[in-house]
Amino acid sequence: MHTKAIVLAAGKGTRMMSETNHMPKVLRQACGKPLLHYVLKALDFIPVEDTVLVGGYQKEAVFAAFPDYPTAVQEPQLGTGHAVQCARAQLERFDGTVLVCYGDMPLLKKEVYQGLLAAHAASDAKCTMLSGTCEENLPYGRVVRDAEGNFLQIVEDKDCSPEQKAIRELNVGIYAFDCKELLTCLDLIQNHNAQGEYYLTDVPAIMRSRGHRVAVYTAELNEQIIGVNTPEQLALTERYLSHAR
């Protein structure tokens, strides 16, 4: 099964900035290495030429730090769905599986990515999404299921009702997609939400509405799903990384 990875690395990391440090989020260091280093190391089972970095804020610095990787540019940053659209040129002639993941999640293990891709390959789903549980109170989208336990939709944290907030199954934001169907559905995303952005999280529900199966690969992830958005999360991530050595 031929796989390409799209690594979203365009974010500014506004909450981590100070008067003296304007470094892009994925280049922030933990245990002496950029956050993006750990993500790319976990993805090293996918060839470098098939791993596309989507940069935006200070993209030149991000691309210069990892010069061997193909790149795509997201400017302006209009959400995760828009970020993947910006890599369309790298996907147009591709007919395999696309793994979409994040450059600011350094704790996620290689086995989780491989497990997700294996589950996707073994199913007839056009999308397999990674979900997990975590003891931390994280502002992640919730995975909403029907009475039979089938996937219905993802609701972003800021759009959740009180009942949905109580759901413990979190959408990690990492997906394996059928490339052709992904490109079709990216054109159908709307930005009618609190942020006015194009969410990649809308794609699975669009695929369902088009009659396709969406699968969920659920793992006990705990700290692995921490994305680094604040100085506190960076410090926490560094603690976990130093213990893992």
# chains A, B, ... in the order shown; residues from 1 in each chain; ligands from 1
>>> select_by_dssp(residues="segment 56-233 of chain A", states="strand (DSSP E or B)", output="ChimeraX atom specification")
/A:56,58,71-73,97-102,127-133,142-145,151-155,170-178,214-220
>>> residues_around(residues="Phe45 of chain A", least_positions_apart="6", cutoff="12 Å", atoms="only C-alpha atoms", output="list in words")
His2, Thr3, Lys4, Ala5, Val39, Thr51, Lys109, Lys110, Glu111, Tyr113, Gln114 and Leu117 of chain A
>>> residues_around(residues="Leu8 of chain A", least_positions_apart="6", cutoff="12 Å", atoms="only C-alpha atoms", output="NGL selection string")
:A and (25-26 or 36 or 39-40 or 51-57 or 59 or 62 or 71-74 or 77 or 79-87 or 99-105 or 173-174 or 200)
>>> residues_around(residues="Ala65 of chain A", least_positions_apart="4", cutoff="10 Å", atoms="only C-alpha atoms", output="PyMOL selection string")
chain A and resi 27+34+36-37+59-61+69
>>> select_by_dssp(residues="segment 24-233 of chain A", states="alpha helix (DSSP H)", output="PyMOL selection string")
chain A and resi 35-42+59-65+80-85+88-91+110-121+162-165+179-186+202-209+231-233
>>> closest_residue(among="A:Leu116, A:Ala235, A:Ala89, A:Ala30", to="Leu183 of chain A", atoms="only C-alpha atoms")
A:Ala89
>>> closest_residue(among="A:Ala10, A:Leu91, A:His212, A:Asn191", to="Asp50 of chain A", atoms="only C-alpha atoms")
A:Leu91
>>> decode(residues="segment 97-117 of chain A", atoms="N, CA and C atoms", output="tab-separated table (two decimals), in the first residue's frame")
chain	number	residue	atom	x	y	z
A	97	THR	N	-2.99	5.96	-0.18
A	97	THR	CA	-3.48	6.43	1.11
A	97	THR	C	-2.71	7.68	1.54
A	98	VAL	N	-3.44	8.65	2.07
A	98	VAL	CA	-2.81	9.87	2.58
A	98	VAL	C	-2.97	9.90	4.10
A	99	LEU	N	-1.84	9.96	4.79
A	99	LEU	CA	-1.84	10.12	6.25
A	99	LEU	C	-1.68	11.61	6.54
A	100	VAL	N	-2.63	12.18	7.28
A	100	VAL	CA	-2.53	13.60	7.66
A	100	VAL	C	-2.24	13.67	9.15
A	101	CYS	N	-1.16	14.39	9.51
A	101	CYS	CA	-0.80	14.50	10.91
A	101	CYS	C	-0.19	15.86	11.20
A	102	TYR	N	0.27	16.05	12.44
A	102	TYR	CA	0.64	17.38	12.91
A	102	TYR	C	2.09	17.45	13.37
A	103	GLY	N	2.74	18.55	13.03
A	103	GLY	CA	4.13	18.74	13.39
A	103	GLY	C	4.37	19.14	14.83
A	104	ASP	N	3.28	19.35	15.60
A	104	ASP	CA	3.45	19.77	17.00
A	104	ASP	C	2.99	18.69	17.98
A	105	MET	N	2.99	17.41	17.52
A	105	MET	CA	2.60	16.30	18.40
A	105	MET	C	3.77	15.32	18.53
A	106	PRO	N	4.80	15.70	19.28
A	106	PRO	CA	6.04	14.93	19.30
A	106	PRO	C	5.99	13.62	20.08
A	107	LEU	N	4.93	13.40	20.85
A	107	LEU	CA	4.89	12.21	21.70
A	107	LEU	C	4.23	11.00	21.04
A	108	LEU	N	3.58	11.22	19.90
A	108	LEU	CA	2.86	10.12	19.25
A	108	LEU	C	3.86	9.10	18.69
A	109	LYS	N	3.65	7.84	19.03
A	109	LYS	CA	4.62	6.80	18.66
A	109	LYS	C	4.40	6.27	17.24
A	110	LYS	N	5.48	5.80	16.66
A	110	LYS	CA	5.44	5.22	15.32
A	110	LYS	C	4.38	4.12	15.22
A	111	GLU	N	4.28	3.29	16.27
A	111	GLU	CA	3.34	2.15	16.25
A	111	GLU	C	1.89	2.62	16.10
A	112	VAL	N	1.58	3.81	16.60
A	112	VAL	CA	0.21	4.32	16.49
A	112	VAL	C	-0.08	4.68	15.04
A	113	TYR	N	0.86	5.39	14.39
A	113	TYR	CA	0.68	5.72	12.96
A	113	TYR	C	0.56	4.43	12.14
A	114	GLN	N	1.41	3.46	12.43
A	114	GLN	CA	1.40	2.20	11.67
A	114	GLN	C	0.10	1.43	11.92
A	115	GLY	N	-0.37	1.46	13.17
A	115	GLY	CA	-1.63	0.78	13.51
A	115	GLY	C	-2.81	1.39	12.77
A	116	LEU	N	-2.82	2.72	12.72
A	116	LEU	CA	-3.89	3.42	11.99
A	116	LEU	C	-3.87	3.04	10.51
A	117	LEU	N	-2.70	3.05	9.91
A	117	LEU	CA	-2.60	2.73	8.47
A	117	LEU	C	-2.95	1.28	8.20
